[in-house]
Every structure is written in structure tokens, then in C-alpha cells.
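One file, input.txt, carrying compact mmCIF, C-alpha atoms (C1' of nucleotides):
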```txt
# COMPACT_ATOMS: atom_id res chain seq x y z
CA MET T 15 0.00 0.00 0.00
CA PRO T 16 1.01 3.63 -0.26
CA LYS T 17 1.00 6.01 2.67
CA ILE T 18 -1.64 4.57 4.96
CA ILE T 19 -4.50 7.01 5.23
CA ASP T 20 -7.06 7.29 8.02
CA HIS T 21 -10.14 7.03 5.88
CA GLU T 22 -12.55 8.52 8.38
CA LYS T 23 -10.31 11.50 9.01
CA ARG T 24 -9.90 12.06 5.29
CA ARG T 25 -13.65 11.94 4.81
CA GLU T 26 -14.07 14.59 7.48
CA GLN T 27 -11.46 16.78 5.80
CA ILE T 28 -13.34 16.45 2.53
CA ALA T 29 -16.62 17.24 4.27
CA GLU T 30 -15.08 20.38 5.76
CA ALA T 31 -13.81 21.39 2.33
CA THR T 32 -17.38 20.93 1.13
CA TRP T 33 -18.58 23.31 3.83
CA ARG T 34 -16.10 25.94 2.76
CA VAL T 35 -17.19 25.68 -0.86
CA ILE T 36 -20.84 26.02 0.13
CA VAL T 37 -20.17 29.03 2.35
CA GLU T 38 -18.29 30.77 -0.43
CA GLN T 39 -20.20 29.74 -3.52
CA GLY T 40 -23.42 28.16 -2.36
CA MET T 41 -24.80 24.80 -3.40
CA GLU T 42 -24.14 25.58 -7.07
CA GLY T 43 -20.41 25.52 -6.38
CA ALA T 44 -20.55 22.19 -4.57
CA THR T 45 -19.61 20.14 -7.64
CA VAL T 46 -17.32 17.16 -7.30
CA ARG T 47 -14.63 19.09 -9.14
CA GLY T 48 -15.05 22.18 -7.00
CA ILE T 49 -14.89 20.19 -3.79
CA ALA T 50 -11.90 18.18 -4.98
CA LYS T 51 -10.04 21.40 -5.80
CA GLU T 52 -10.88 22.94 -2.40
CA ALA T 53 -9.73 19.73 -0.68
CA GLY T 54 -6.53 19.66 -2.76
CA LEU T 55 -7.36 16.33 -4.35
CA SER T 56 -7.83 15.05 -7.84
CA LEU T 57 -11.18 13.83 -9.07
CA GLY T 58 -10.06 10.22 -8.84
CA ALA T 59 -8.74 10.64 -5.32
CA LEU T 60 -12.00 12.19 -4.15
CA ARG T 61 -13.95 9.37 -5.71
CA HIS T 62 -11.82 6.95 -3.75
CA TYR T 63 -13.39 8.19 -0.52
CA PHE T 64 -16.88 8.96 -1.78
CA ALA T 65 -18.27 6.81 -4.56
CA THR T 66 -20.95 9.33 -5.51
CA GLN T 67 -21.66 13.02 -5.02
CA ASP T 68 -24.81 12.17 -3.13
CA GLU T 69 -22.91 10.11 -0.60
CA LEU T 70 -20.48 12.99 -0.08
CA LEU T 71 -23.18 15.61 0.46
CA MET T 72 -25.18 13.38 2.78
CA TYR T 73 -22.05 12.74 4.83
CA ALA T 74 -21.16 16.43 4.93
CA MET T 75 -24.65 17.30 6.17
CA GLN T 76 -24.67 14.53 8.75
CA LEU T 77 -21.36 15.79 10.09
CA VAL T 78 -22.84 19.22 10.72
CA LYS T 79 -25.53 17.62 12.83
CA GLU T 80 -23.08 15.41 14.73
CA ARG T 81 -20.80 18.31 15.58
CA ALA T 82 -23.71 20.31 16.98
CA ILE T 83 -25.04 17.38 18.99
CA ALA T 84 -21.58 16.72 20.40
CA ARG T 85 -21.27 20.31 21.62
CA ILE T 86 -24.61 20.17 23.35
CA ALA T 87 -23.84 16.80 24.91
CA GLU T 88 -20.62 18.30 26.26
CA ILE T 89 -22.51 21.09 27.98
CA HIS T 90 -25.04 18.62 29.27
CA ALA T 91 -22.32 16.44 30.80
CA ASN T 92 -20.66 19.32 32.60
CA GLU T 93 -21.66 19.33 36.26
CA GLU T 94 -20.15 22.62 37.38
CA TRP T 95 -23.11 24.81 36.44
CA ALA T 96 -26.34 25.46 38.27
CA PRO T 97 -29.44 24.05 36.52
CA LYS T 98 -30.69 27.41 35.27
CA GLU T 99 -27.26 28.32 34.00
CA LYS T 100 -26.81 25.02 32.22
CA ILE T 101 -30.21 25.22 30.55
CA THR T 102 -29.43 28.73 29.37
CA LYS T 103 -26.11 27.63 27.94
CA ILE T 104 -27.73 24.81 26.01
CA PHE T 105 -30.30 27.10 24.42
CA LEU T 106 -27.58 29.60 23.58
CA GLU T 107 -25.65 26.80 21.91
CA LEU T 108 -28.41 26.62 19.29
CA LEU T 109 -27.71 30.20 18.21
CA PRO T 110 -24.96 31.15 15.70
CA THR T 111 -23.00 33.28 18.17
CA ASN T 112 -19.58 32.59 16.71
CA GLN T 113 -18.02 31.96 13.32
CA GLU T 114 -18.00 28.19 13.67
CA LYS T 115 -21.73 28.01 14.33
CA MET T 116 -22.38 30.66 11.67
CA ILE T 117 -20.70 28.45 9.10
CA GLU T 118 -22.59 25.39 10.28
CA MET T 119 -25.87 27.24 10.01
CA GLU T 120 -25.11 28.51 6.54
CA VAL T 121 -24.26 25.00 5.42
CA TRP T 122 -27.25 23.50 7.21
CA PHE T 123 -29.57 25.95 5.48
CA ALA T 124 -28.14 25.23 2.06
CA PHE T 125 -28.39 21.47 2.61
CA THR T 126 -31.93 21.69 3.98
CA VAL T 127 -33.24 23.55 0.95
CA TYR T 128 -31.22 21.35 -1.38
CA PHE T 129 -32.21 17.96 -0.02
CA ARG T 130 -35.84 18.93 0.52
CA HIS T 131 -36.76 17.93 -3.03
CA LYS T 132 -34.30 15.11 -3.34
CA LYS T 133 -34.76 12.91 -0.31
CA GLU T 134 -38.15 11.91 1.01
CA GLY T 135 -38.76 12.35 4.73
CA PHE T 136 -35.53 14.23 5.02
CA ASP T 137 -36.73 17.09 7.21
CA ALA T 138 -37.61 14.52 9.86
CA GLN T 139 -34.25 15.62 11.23
CA HIS T 140 -35.85 18.63 12.86
CA ASP T 141 -38.49 16.94 14.94
CA GLY T 142 -35.63 16.19 17.28
CA ILE T 143 -34.87 19.82 18.03
CA TYR T 144 -38.43 20.66 19.03
CA ALA T 145 -38.57 17.54 21.20
CA GLY T 146 -35.31 18.62 22.83
CA VAL T 147 -36.57 22.12 23.55
CA ARG T 148 -39.77 20.67 25.01
CA LYS T 149 -37.83 18.23 27.15
CA LEU T 150 -35.46 20.87 28.47
CA LEU T 151 -38.35 23.16 29.33
CA ASP T 152 -40.07 20.29 31.14
CA SER T 153 -36.97 19.57 33.17
CA ALA T 154 -36.77 23.26 34.05
CA ASP T 155 -40.35 23.07 35.26
CA GLN T 156 -39.65 20.03 37.39
CA LEU T 157 -36.88 21.99 39.06
CA ASN T 158 -39.44 24.72 39.78
CA LEU T 159 -37.59 27.24 37.67
CA LEU T 160 -40.55 28.31 35.54
CA ARG T 161 -43.34 30.73 36.33
CA LYS T 162 -46.42 28.72 37.20
CA GLU T 163 -49.00 30.42 35.01
CA LEU T 164 -47.25 29.53 31.78
CA ASP T 165 -48.82 27.41 29.05
CA LYS T 166 -45.93 25.04 28.58
CA GLU T 167 -46.82 23.74 25.14
CA MET T 168 -47.29 27.29 23.90
CA GLU T 169 -44.08 28.54 25.50
CA ALA T 170 -42.06 25.67 24.08
CA GLU T 171 -43.27 26.53 20.60
CA LYS T 172 -42.56 30.22 21.11
CA LEU T 173 -39.10 29.61 22.53
CA TYR T 174 -38.30 27.29 19.64
CA ALA T 175 -39.53 29.97 17.23
CA VAL T 176 -37.49 32.71 18.93
CA ILE T 177 -34.34 30.59 18.70
CA ASP T 178 -34.68 29.70 15.03
CA GLY T 179 -36.06 33.11 14.15
CA LEU T 180 -32.98 34.77 15.64
CA ALA T 181 -30.77 32.26 13.83
CA LEU T 182 -32.51 33.00 10.54
CA HIS T 183 -32.11 36.73 11.02
CA ALA T 184 -28.46 36.36 11.91
CA TYR T 185 -28.15 34.53 8.61
CA LEU T 186 -30.03 37.19 6.66
CA GLU T 187 -28.77 40.34 8.40
CA PRO T 188 -25.49 39.39 10.07
CA GLN T 189 -24.37 42.97 10.60
CA ARG T 190 -27.48 44.06 12.48
CA VAL T 191 -28.35 40.76 14.16
CA ASN T 192 -24.95 39.79 15.53
CA GLY T 193 -23.83 37.33 18.19
CA GLU T 194 -24.00 39.67 21.16
CA TRP T 195 -27.44 40.95 20.29
CA ILE T 196 -29.09 37.57 19.76
CA THR T 197 -27.52 36.39 23.05
CA LYS T 198 -29.10 39.33 24.81
CA VAL T 199 -32.47 38.80 23.18
CA LEU T 200 -32.59 35.10 24.01
CA GLU T 201 -31.51 35.73 27.61
CA HIS T 202 -34.24 38.35 27.89
CA HIS T 203 -36.79 35.86 26.65
CA LEU T 204 -35.61 33.14 29.03
CA ALA T 205 -35.80 35.64 31.89
CA SER T 206 -39.48 36.12 31.07
CA LEU T 207 -40.01 32.38 31.54
CA PHE T 208 -37.99 31.88 34.72
CA HIS T 209 -39.01 33.34 38.03
CA MET E 8 -48.60 41.63 -36.13
CA PRO E 9 -49.84 38.32 -34.76
CA LYS E 10 -52.13 37.89 -31.77
CA ILE E 11 -51.10 40.75 -29.56
CA ILE E 12 -49.81 39.38 -26.29
CA ASP E 13 -49.82 41.27 -23.01
CA HIS E 14 -46.15 40.93 -22.24
CA GLU E 15 -46.44 41.74 -18.58
CA LYS E 16 -49.20 39.22 -18.07
CA ARG E 17 -47.22 36.56 -19.93
CA ARG E 18 -44.19 37.28 -17.79
CA GLU E 19 -46.28 36.77 -14.68
CA GLN E 20 -47.59 33.47 -16.01
CA ILE E 21 -44.03 32.34 -16.65
CA ALA E 22 -42.99 33.45 -13.17
CA GLU E 23 -45.82 31.44 -11.66
CA ALA E 24 -44.75 28.41 -13.67
CA THR E 25 -41.28 28.97 -12.22
CA TRP E 26 -42.75 28.90 -8.72
CA ARG E 27 -44.48 25.60 -9.40
CA VAL E 28 -41.27 24.06 -10.69
CA ILE E 29 -39.37 25.23 -7.63
CA VAL E 30 -42.03 23.93 -5.24
CA GLU E 31 -41.98 20.52 -6.89
CA GLN E 32 -38.33 20.08 -7.80
CA GLY E 33 -36.40 22.77 -6.01
CA MET E 34 -33.93 25.20 -7.52
CA GLU E 35 -32.19 22.37 -9.38
CA GLY E 36 -35.30 21.88 -11.50
CA ALA E 37 -35.57 25.57 -12.36
CA THR E 38 -33.75 25.24 -15.69
CA VAL E 39 -34.90 27.23 -18.69
CA ARG E 40 -36.09 24.01 -20.30
CA GLY E 41 -37.94 22.85 -17.22
CA ILE E 42 -39.68 26.20 -16.78
CA ALA E 43 -40.57 26.39 -20.47
CA LYS E 44 -42.15 22.95 -20.28
CA GLU E 45 -44.14 23.82 -17.14
CA ALA E 46 -45.31 27.05 -18.79
CA GLY E 47 -46.23 25.18 -21.96
CA LEU E 48 -43.80 27.12 -24.10
CA SER E 49 -40.89 26.30 -26.32
CA LEU E 50 -37.37 27.35 -25.45
CA GLY E 51 -37.46 30.08 -28.07
CA ALA E 52 -40.81 31.42 -26.89
CA LEU E 53 -39.59 31.62 -23.32
CA ARG E 54 -36.50 33.44 -24.43
CA HIS E 55 -38.72 35.96 -26.18
CA TYR E 56 -39.99 37.17 -22.82
CA PHE E 57 -36.84 36.71 -20.74
CA ALA E 58 -33.51 37.17 -22.47
CA THR E 59 -31.56 35.30 -19.79
CA GLN E 60 -32.29 32.82 -17.01
CA ASP E 61 -31.04 35.31 -14.48
CA GLU E 62 -33.57 37.91 -15.59
CA LEU E 63 -36.35 35.34 -15.29
CA LEU E 64 -35.40 34.24 -11.78
CA MET E 65 -34.94 37.78 -10.53
CA TYR E 66 -38.36 38.68 -11.89
CA ALA E 67 -39.96 35.60 -10.33
CA MET E 68 -38.47 36.45 -6.95
CA GLN E 69 -39.47 40.10 -7.18
CA LEU E 70 -43.03 39.05 -7.95
CA VAL E 71 -43.21 37.07 -4.71
CA LYS E 72 -42.27 40.17 -2.79
CA GLU E 73 -44.72 42.39 -4.67
CA ARG E 74 -47.63 40.04 -4.09
CA ALA E 75 -46.93 39.95 -0.36
CA ILE E 76 -46.57 43.72 -0.12
CA ALA E 77 -49.80 44.19 -2.04
CA ARG E 78 -51.71 41.97 0.39
CA ILE E 79 -50.39 43.86 3.40
CA ALA E 80 -51.15 47.22 1.79
CA GLU E 81 -54.70 46.02 1.21
CA ILE E 82 -55.14 45.24 4.90
CA HIS E 83 -53.56 48.53 5.82
CA ALA E 84 -55.98 50.45 3.60
CA ASN E 85 -59.05 48.78 5.04
CA GLU E 86 -60.72 51.06 7.58
CA GLU E 87 -63.34 48.72 9.02
CA TRP E 88 -61.14 47.20 11.71
CA ALA E 89 -60.12 48.50 15.09
CA PRO E 90 -56.42 49.37 15.44
CA LYS E 91 -55.53 46.32 17.51
CA GLU E 92 -57.39 44.06 15.12
CA LYS E 93 -55.75 45.55 12.07
CA ILE E 94 -52.26 45.28 13.55
CA THR E 95 -52.90 41.66 14.41
CA LYS E 96 -54.10 40.92 10.89
CA ILE E 97 -51.01 42.47 9.39
CA PHE E 98 -48.67 40.39 11.53
CA LEU E 99 -50.69 37.27 10.74
CA GLU E 100 -50.32 38.05 7.05
CA LEU E 101 -46.59 37.42 7.42
CA LEU E 102 -47.25 33.80 8.42
CA PRO E 103 -47.83 30.98 5.89
CA THR E 104 -51.37 30.20 7.06
CA ASN E 105 -52.72 29.08 3.68
CA GLN E 106 -51.46 27.29 0.62
CA GLU E 107 -50.80 30.45 -1.36
CA LYS E 108 -48.49 31.87 1.29
CA MET E 109 -46.94 28.46 1.88
CA ILE E 110 -45.92 28.33 -1.78
CA GLU E 111 -44.60 31.88 -1.66
CA MET E 112 -42.51 31.06 1.40
CA GLU E 113 -41.11 27.92 -0.16
CA VAL E 114 -40.12 29.86 -3.26
CA TRP E 115 -38.80 32.77 -1.26
CA PHE E 116 -36.60 30.42 0.76
CA ALA E 117 -35.22 28.72 -2.31
CA PHE E 118 -34.47 32.06 -3.98
CA THR E 119 -32.88 33.51 -0.85
CA VAL E 120 -30.43 30.66 -0.50
CA TYR E 121 -29.82 30.61 -4.26
CA PHE E 122 -29.17 34.31 -4.81
CA ARG E 123 -27.16 34.71 -1.61
CA HIS E 124 -23.92 33.76 -3.37
CA LYS E 125 -24.83 35.22 -6.75
CA LYS E 126 -25.92 38.77 -6.12
CA GLU E 127 -24.13 41.14 -3.81
CA GLY E 128 -26.21 43.03 -1.27
CA PHE E 129 -29.18 40.92 -2.18
CA ASP E 130 -30.42 40.19 1.36
CA ALA E 131 -30.89 43.92 1.81
CA GLN E 132 -34.46 43.02 0.94
CA HIS E 133 -35.09 41.92 4.52
CA ASP E 134 -34.17 45.08 6.35
CA GLY E 135 -37.55 46.27 5.23
CA ILE E 136 -39.45 43.62 7.16
CA TYR E 137 -37.77 44.41 10.47
CA ALA E 138 -38.32 48.12 9.91
CA GLY E 139 -41.98 47.39 9.23
CA VAL E 140 -42.39 45.34 12.40
CA ARG E 141 -40.70 48.08 14.40
CA LYS E 142 -42.90 50.75 12.86
CA LEU E 143 -46.10 48.81 13.46
CA LEU E 144 -45.14 48.22 17.08
CA ASP E 145 -44.39 51.92 17.50
CA SER E 146 -47.76 52.87 16.12
CA ALA E 147 -49.37 50.40 18.53
CA ASP E 148 -47.52 52.12 21.35
CA GLN E 149 -48.69 55.56 20.27
CA LEU E 150 -52.24 54.24 20.43
CA ASN E 151 -51.54 53.12 24.00
CA LEU E 152 -52.08 49.49 23.13
CA LEU E 153 -48.83 48.18 24.57
CA ARG E 154 -47.92 47.37 28.14
CA LYS E 155 -45.78 50.20 29.48
CA GLU E 156 -42.91 48.27 31.00
CA LEU E 157 -41.87 46.71 27.69
CA ASP E 158 -38.45 47.23 26.11
CA LYS E 159 -39.67 48.13 22.68
CA GLU E 160 -36.47 47.44 20.76
CA MET E 161 -36.18 44.06 22.44
CA GLU E 162 -39.82 43.18 21.88
CA ALA E 163 -39.66 44.17 18.22
CA GLU E 164 -36.74 41.84 17.73
CA LYS E 165 -38.48 39.02 19.61
CA LEU E 166 -41.74 39.46 17.72
CA TYR E 167 -39.87 39.49 14.43
CA ALA E 168 -38.08 36.31 15.50
CA VAL E 169 -41.30 34.60 16.57
CA ILE E 170 -42.91 35.38 13.22
CA ASP E 171 -40.07 34.11 11.07
CA GLY E 172 -39.33 31.23 13.43
CA LEU E 173 -42.90 30.02 13.13
CA ALA E 174 -42.71 30.44 9.36
CA LEU E 175 -39.51 28.44 9.24
CA HIS E 176 -40.99 25.66 11.32
CA ALA E 177 -44.12 25.57 9.18
CA TYR E 178 -41.73 25.07 6.26
CA LEU E 179 -39.77 22.33 8.01
CA GLU E 180 -42.58 20.52 9.85
CA PRO E 181 -45.79 21.41 8.01
CA GLN E 182 -47.81 18.61 9.58
CA ARG E 183 -47.07 19.57 13.18
CA VAL E 184 -46.74 23.33 12.73
CA ASN E 185 -49.83 24.05 10.64
CA GLY E 186 -51.77 27.22 9.91
CA GLU E 187 -54.15 27.08 12.86
CA TRP E 188 -51.42 26.40 15.35
CA ILE E 189 -49.07 29.19 14.25
CA THR E 190 -52.03 31.59 14.24
CA LYS E 191 -52.78 30.64 17.82
CA VAL E 192 -49.16 30.96 18.89
CA LEU E 193 -48.71 34.38 17.32
CA GLU E 194 -51.98 35.65 18.80
CA HIS E 195 -50.84 34.39 22.19
CA HIS E 196 -47.61 36.29 21.83
CA LEU E 197 -49.32 39.49 20.74
CA ALA E 198 -51.66 39.17 23.72
CA SER E 199 -48.60 39.20 25.98
CA LEU E 200 -47.61 42.56 24.47
CA PHE E 201 -51.01 44.27 24.50
CA HIS E 202 -52.81 45.24 27.67
C1' DG L 11 14.03 -7.85 -4.73
C1' DT L 12 9.49 -9.25 -6.08
C1' DT L 13 4.69 -9.20 -5.44
C1' DT L 14 0.55 -7.35 -3.67
C1' DT L 15 -2.38 -3.72 -2.27
C1' DT L 16 -3.81 0.98 -1.77
C1' DA L 17 -3.82 5.74 -3.21
C1' DT L 18 -3.74 9.03 -6.76
C1' DA L 19 -4.02 10.95 -11.29
C1' DA L 20 -5.68 11.54 -15.90
C1' DT L 21 -8.76 10.84 -19.41
C1' DA L 22 -13.23 9.71 -21.51
C1' DC L 23 -18.07 9.86 -22.09
C1' DA L 24 -22.83 10.73 -22.08
C1' DA L 25 -26.08 13.86 -20.31
C1' DC L 26 -27.51 18.42 -19.42
C1' DT L 27 -26.82 23.35 -19.06
C1' DG L 28 -27.60 28.50 -20.90
C1' DT L 29 -27.70 30.95 -24.87
C1' DG L 30 -27.29 32.23 -29.82
C1' DC L 31 -29.19 31.85 -34.30
C1' DT L 32 -32.41 31.06 -38.08
C1' DA L 33 -36.40 29.86 -40.33
C1' DA L 34 -41.26 29.27 -40.02
C1' DC L 35 -45.68 30.90 -38.51
C1' DA L 36 -49.79 33.83 -37.68
C1' DA L 37 -52.41 37.74 -37.64
C1' DA L 38 -52.86 42.70 -38.09
C1' DA L 39 -52.13 46.43 -41.43
C1' DA L 40 -51.69 48.02 -46.21
C1' DT S 8 -54.06 39.92 -51.41
C1' DT S 9 -49.79 41.36 -50.03
C1' DT S 10 -46.77 43.16 -46.69
C1' DT S 11 -45.24 43.64 -42.19
C1' DT S 12 -44.03 42.25 -37.66
C1' DG S 13 -44.74 40.08 -33.18
C1' DT S 14 -44.41 35.34 -31.96
C1' DT S 15 -42.82 30.65 -31.91
C1' DA S 16 -40.19 26.41 -32.73
C1' DG S 17 -36.06 24.01 -33.41
C1' DC S 18 -31.37 23.19 -33.78
C1' DA S 19 -26.50 24.11 -32.73
C1' DC S 20 -22.71 25.09 -29.85
C1' DA S 21 -19.59 25.44 -26.15
C1' DG S 22 -19.19 24.60 -21.43
C1' DT S 23 -20.10 21.91 -17.22
C1' DT S 24 -21.82 18.13 -14.85
C1' DG S 25 -21.41 13.16 -12.48
C1' DT S 26 -19.35 9.00 -13.09
C1' DA S 27 -16.61 5.12 -15.21
C1' DT S 28 -12.25 3.46 -16.65
C1' DT S 29 -7.47 2.95 -16.95
C1' DA S 30 -2.77 3.81 -15.84
C1' DT S 31 0.75 5.12 -12.50
C1' DA S 32 3.07 5.59 -7.99
C1' DA S 33 4.24 4.00 -3.61
C1' DA S 34 4.18 1.50 0.67
C1' DA S 35 3.67 -2.96 2.80
C1' DA S 36 4.19 -8.14 2.68
C1' DC S 37 6.73 -11.99 1.44
```

Would it be possible to restate this file's structure as C-alpha cells?
Amino acid sequence: MPKIIDHEKRREQIAEATWRVIVEQGMEGATVRGIAKEAGLSLGALRHYFATQDELLMYAMQLVKERAIARIAEIHANEEWAPKEKITKIFLELLPTNQEKMIEMEVWFAFTVYFRHKKEGFDAQHDGIYAGVRKLLDSADQLNLLRKELDKEMEAEKLYAVIDGLALHAYLEPQRVNGEWITKVLEHHLASLFH
Amino acid sequence: MPKIIDHEKRREQIAEATWRVIVEQGMEGATVRGIAKEAGLSLGALRHYFATQDELLMYAMQLVKERAIARIAEIHANEEWAPKEKITKIFLELLPTNQEKMIEMEVWFAFTVYFRHKKEGFDAQHDGIYAGVRKLLDSADQLNLLRKELDKEMEAEKLYAVIDGLALHAYLEPQRVNGEWITKVLEHHLASLFH
DNA sequence: GTTTTTATAATACAACTGTGCTAACAAAAA
DNA sequence: TTTTTGTTAGCACAGTTGTATTATAAAAAC
């Protein structure tokens, strides 16, 4: 064999190159040739790690999701924060408050719109986020952190909407809706739920 | 001359055919040939009304915006409603509560992601919506409809986020987040602002 | 050193893209 | 009827796409 290559690591490098192409040129630039060039590989080399373009894009999208889940799990596992603080941090993790998350969101958006008409039942990926928000709000209630008069189903939906609405606006108007501002807005909203 | 054709009307028909193609196949299906077929025209005929694909797509996107603005202006001009009622109706008009608006949102999303890396300063289109929300909230305040302790800048941003967050979730999870539900959620939120 | 196996590179090909061009067509005007 | 002109259809062309195929290089195994 030639230089032994860690296949999984190489696939992640290619996926990250795919992200960069999408951020800079959009989905139209995410051709196998464009991605290969960004990754510094030839067409044949790229094809050695991903048999088809579809497989590559699916992998690149899945990796976005895994990275985000891993970050949230890390916060969840940390025991040094008070419950209210930890819950706040998790919700804030869903907002694009830094460049890394901004890139992930941009890529996630592009993939979502792209795969919507290509894979059936693809958007089933998002049910999980609402369920997570609902669960976290429930756990906050069990810890007696929430104001009692709240309609929990309604507030879960509103909180979920505020989070993704802020994310969408950060995507559309990054100069006005920046990281500090959306942090402040979300914290203000959470303060209206806690007592 | 042959049968005189109303060019502007024909262009609108073609734009609507473009919408249908995008709803069914996404931006990847919005080729000049695909649109011509959906519109029931030949390639040459299509090219007679739009010299380039870019011109066609820009026109189709602009038409989405114009239709939405026209609907809101119509509500605004109607004098039979009380101020609070009218303001509520306008905000509700921004949500995809029926099939027509659902289609417009789907198309608007596809165009937004598509043009983002093709036209500079394109997303400047959205500054207008936030400004409108802010303005409408200010007018509500001048009519003494709002609770006094509210941080108006903050609440404008939150309301704007709730609206677009709900719209996004209706796009992603149409079965769970349907028209009736998002109407209820937005009305609940507005009730928390009014007194 | 020879063989085997893996990685990379280069080329080829069929399909599809946007757009240019030209001839035919149809109906109003002369 | 003839002319004129807006309208339409069809083909051609160059460029790009995803993917298949083949050849080459290099490290490991024997």
C-alpha cells in the first residue's frame, strides 16, 4: 500500500472542504470538481473516498448535525453549572453566536433547501430539536424554575420559534443581528419564563 | 402583427410556472427548459420574454415580494377594523397560514439561498421587514395598546423572531406546525404585548 | 528484490446546461 | 391579397456536470 491514510479523518477533511465551498459559492459551487479542488485532491482521489456526489453531500450534512449534537452533549455532561445556567447555555448553543456556528448554520440551510426535493422524509431531522426544547423546558419546570401560570406547550413553541427566528435573522442580516445581540435577546426571553 | 400578447401578463404566467417548478423540484429543476415545459412554451418562446435565465429568476423572486406587499397594503388600507385588530391581521399576514403563502414562502426560501452567493447586497431586501415590524409596534404604542414596561427594541426583535421562526418551522414541519397552530401561537404572543 | 495492495491521477463519455441563431408561422395592417 | 411584424419552434454550440475506466506511484508483505 502507499501512505496509509485514516479514511474517516480524510472523509471529514473532505466534508469540511465541502462546507467551505458552500459558504463561499453556495450549493451551485458544490460540484465534485469544486470540492476536490478545495480539498486539494484530484477527481479520482476524491472518488476513492466517496463513490458518488450524493454520498459525499449526505455525509457532509450529517457531520454538521453530529458536531452540533456533540457540543450540546458536552454542555449537558458538565456538572459545574447550576441548573438554570446550564439550561441557558444549552439554548444559547443553538444560536450562531460565533463563526463556527455561523458556518454550520449557513451549510445547514443550504443542505436543507437542497435535499428537501431530493430525499423523502428528510426534514424529519428537525423533529428532534423541538422535542429537545420541550424536554429541556419540562426539566426546568420540574426543578421549579418556571413561572407557574405559563402554558408550557405554547411557551415551548414560542421559545423554539425565537431561537430559530434569531438564527434566521443572523443569517439574513449578520451585521445588524450579531452574536451579542441575539444572546441578549434570548436571555431576555428566558428571563421572562424563569421566576 | 400576430395575436397581440400582453407581455407583462405573460411574464407573470411564466414566473408562476417557475414557482411551481421550484415547489416541486427545487432550484435544481428551475432550468430554462424545465420552466418552459411547465409554462407550456418552447425554449425560443420563453427566451422571447426573458432574455436570460437570471432575468427570469430575478423577476420571479421580485413578484413574490410584490404580491406579499400588495396583500399587506390592502389590509392597511381597510378602515373597518379597530387598530388592535388591524395590527394583528397584518402580523398574521406574514405567516404561511394558507397554501398560497406556503408556496410563496417555499419559493422565497429557495431564492434567498440561491441568490445569496450570486448577487451582492441581495439580502438587503429583509431590512424592510424588520423596519416594518418596528414601525407597526411603535404605532401600537402611540395608540396606547402596549404594556408600558416593555423594552420596545427588544420586543420588536423578539416578535420578528417569533414570526419568522414560526414560518420556518411551518416550512420544516408542516404537519405539526400548521396554519391554525401558528395563528394561535402568534396571537398568544401578541396578547402578551397588549394590555 | 518481487509481489501485492492501496492511493492518486488523468482521461473519456454521455447527459444536461444556458444561450445564440435562423427559419417558419400567424395575424394585423396596407 | 400582399406586406409587415410580433411570436414561436427548433437546432447548434460550447461549457459543465457526475461518473466510469485505466494507468501510474508508492508502501507494505513476502

Using only C-alpha atoms (C1' of nucleotides), select each residue of chain E with any atom at most 12 Å away from an atom of chain S, and give the selection as an NGL selection string. :E and (8-14 or 47-56)

So, with only C-alpha atoms as the atoms that count, which of E:Glu164, E:Glu19, E:Asp171, E:Glu113 lies closest to Trp195 (chain T)?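 Residue with the minimum atom-to-atom distance to Trp195 (chain T): E:Glu164.
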
Identify every residue of chain E that has at least one atom within 6 Å of any atom of chain T, counting all atoms listed in the file, and report the result as a list of chain:residue names. E:Gln32, E:Gly33, E:His124, E:Ala168, E:Val169, E:Asp171, E:Gly172, E:Leu173

Select residues of chain L: the criterion is any atom within 10 Å of an atom of chain E, counting only C-alpha atoms (C1' of nucleotides); output as a PDB file with C-alpha atoms (C1' of nucleotides), keeping the file's coordinate frame.
```
ATOM      1  C1'  DC L  26     -27.510  18.420 -19.420  1.00  0.00           C
ATOM      2  C1'  DT L  27     -26.820  23.350 -19.060  1.00  0.00           C
ATOM      3  C1'  DG L  28     -27.600  28.500 -20.900  1.00  0.00           C
ATOM      4  C1'  DT L  29     -27.700  30.950 -24.870  1.00  0.00           C
ATOM      5  C1'  DC L  35     -45.680  30.900 -38.510  1.00  0.00           C
ATOM      6  C1'  DA L  36     -49.790  33.830 -37.680  1.00  0.00           C
ATOM      7  C1'  DA L  37     -52.410  37.740 -37.640  1.00  0.00           C
ATOM      8  C1'  DA L  38     -52.860  42.700 -38.090  1.00  0.00           C
ATOM      9  C1'  DA L  39     -52.130  46.430 -41.430  1.00  0.00           C
TER      10       DA L  39
END
```

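Here CA of Ala75 (chain E) stands at a distance of 8.5 Å from CA of Glu111 (chain E).
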
Taking 5 positions as the minimum chain separation for residues in the same chain, which residues sit within 12 Å of Lys100 (chain T) when counting all atoms listed in the file? Answer as a VMD selection string. chain T and resid 86 to 95 105 to 107 150 153 to 154

Same residues, C-alpha atoms, output as a tab-separated table (two decimals), in the frame of the given file:
```tsv
chain	number	residue	atom	x	y	z
T	86	ILE	CA	-24.61	20.17	23.35
T	87	ALA	CA	-23.84	16.80	24.91
T	88	GLU	CA	-20.62	18.30	26.26
T	89	ILE	CA	-22.51	21.09	27.98
T	90	HIS	CA	-25.04	18.62	29.27
T	91	ALA	CA	-22.32	16.44	30.80
T	92	ASN	CA	-20.66	19.32	32.60
T	93	GLU	CA	-21.66	19.33	36.26
T	94	GLU	CA	-20.15	22.62	37.38
T	95	TRP	CA	-23.11	24.81	36.44
T	105	PHE	CA	-30.30	27.10	24.42
T	106	LEU	CA	-27.58	29.60	23.58
T	107	GLU	CA	-25.65	26.80	21.91
T	150	LEU	CA	-35.46	20.87	28.47
T	153	SER	CA	-36.97	19.57	33.17
T	154	ALA	CA	-36.77	23.26	34.05
```

Have a look at CA of Lys98 (chain T) and CA of Leu160 (chain T) and let me know their distance in Å, one decimal.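 Calculated distance between CA of Lys98 (chain T) and CA of Leu160 (chain T) is 9.9 Å.
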
Could you please determine the separation between CA of Leu77 (chain T) and CA of Val121 (chain T) in Å, to one decimal place? 10.7 Å

Using all atoms of region 13-18 of chain S listed in the file and a margin of 5 Å per side, can you give the axis-aligned box centre and edge lengths in Å to one decimal, as AutoDock Vina command-line options?
```
--center_x -38.1 --center_y 31.6 --center_z -32.8 --size_x 23.4 --size_y 26.9 --size_z 11.9
```

Residue contacts of Lys142 (chain E) (10 Å, all atoms listed in the file) excluding same-chain residues fewer than 6 positions away, as a PDB file with C-alpha atoms, in the frame of the given file:
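Saved result, out-v2.pdb, follows:
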```
ATOM      1  CA  ILE E 136     -39.450  43.620   7.160  1.00  0.00           C
ATOM      2  CA  ASP E 148     -47.520  52.120  21.350  1.00  0.00           C
ATOM      3  CA  ALA E 163     -39.660  44.170  18.220  1.00  0.00           C
TER       4      ALA E 163
END
```
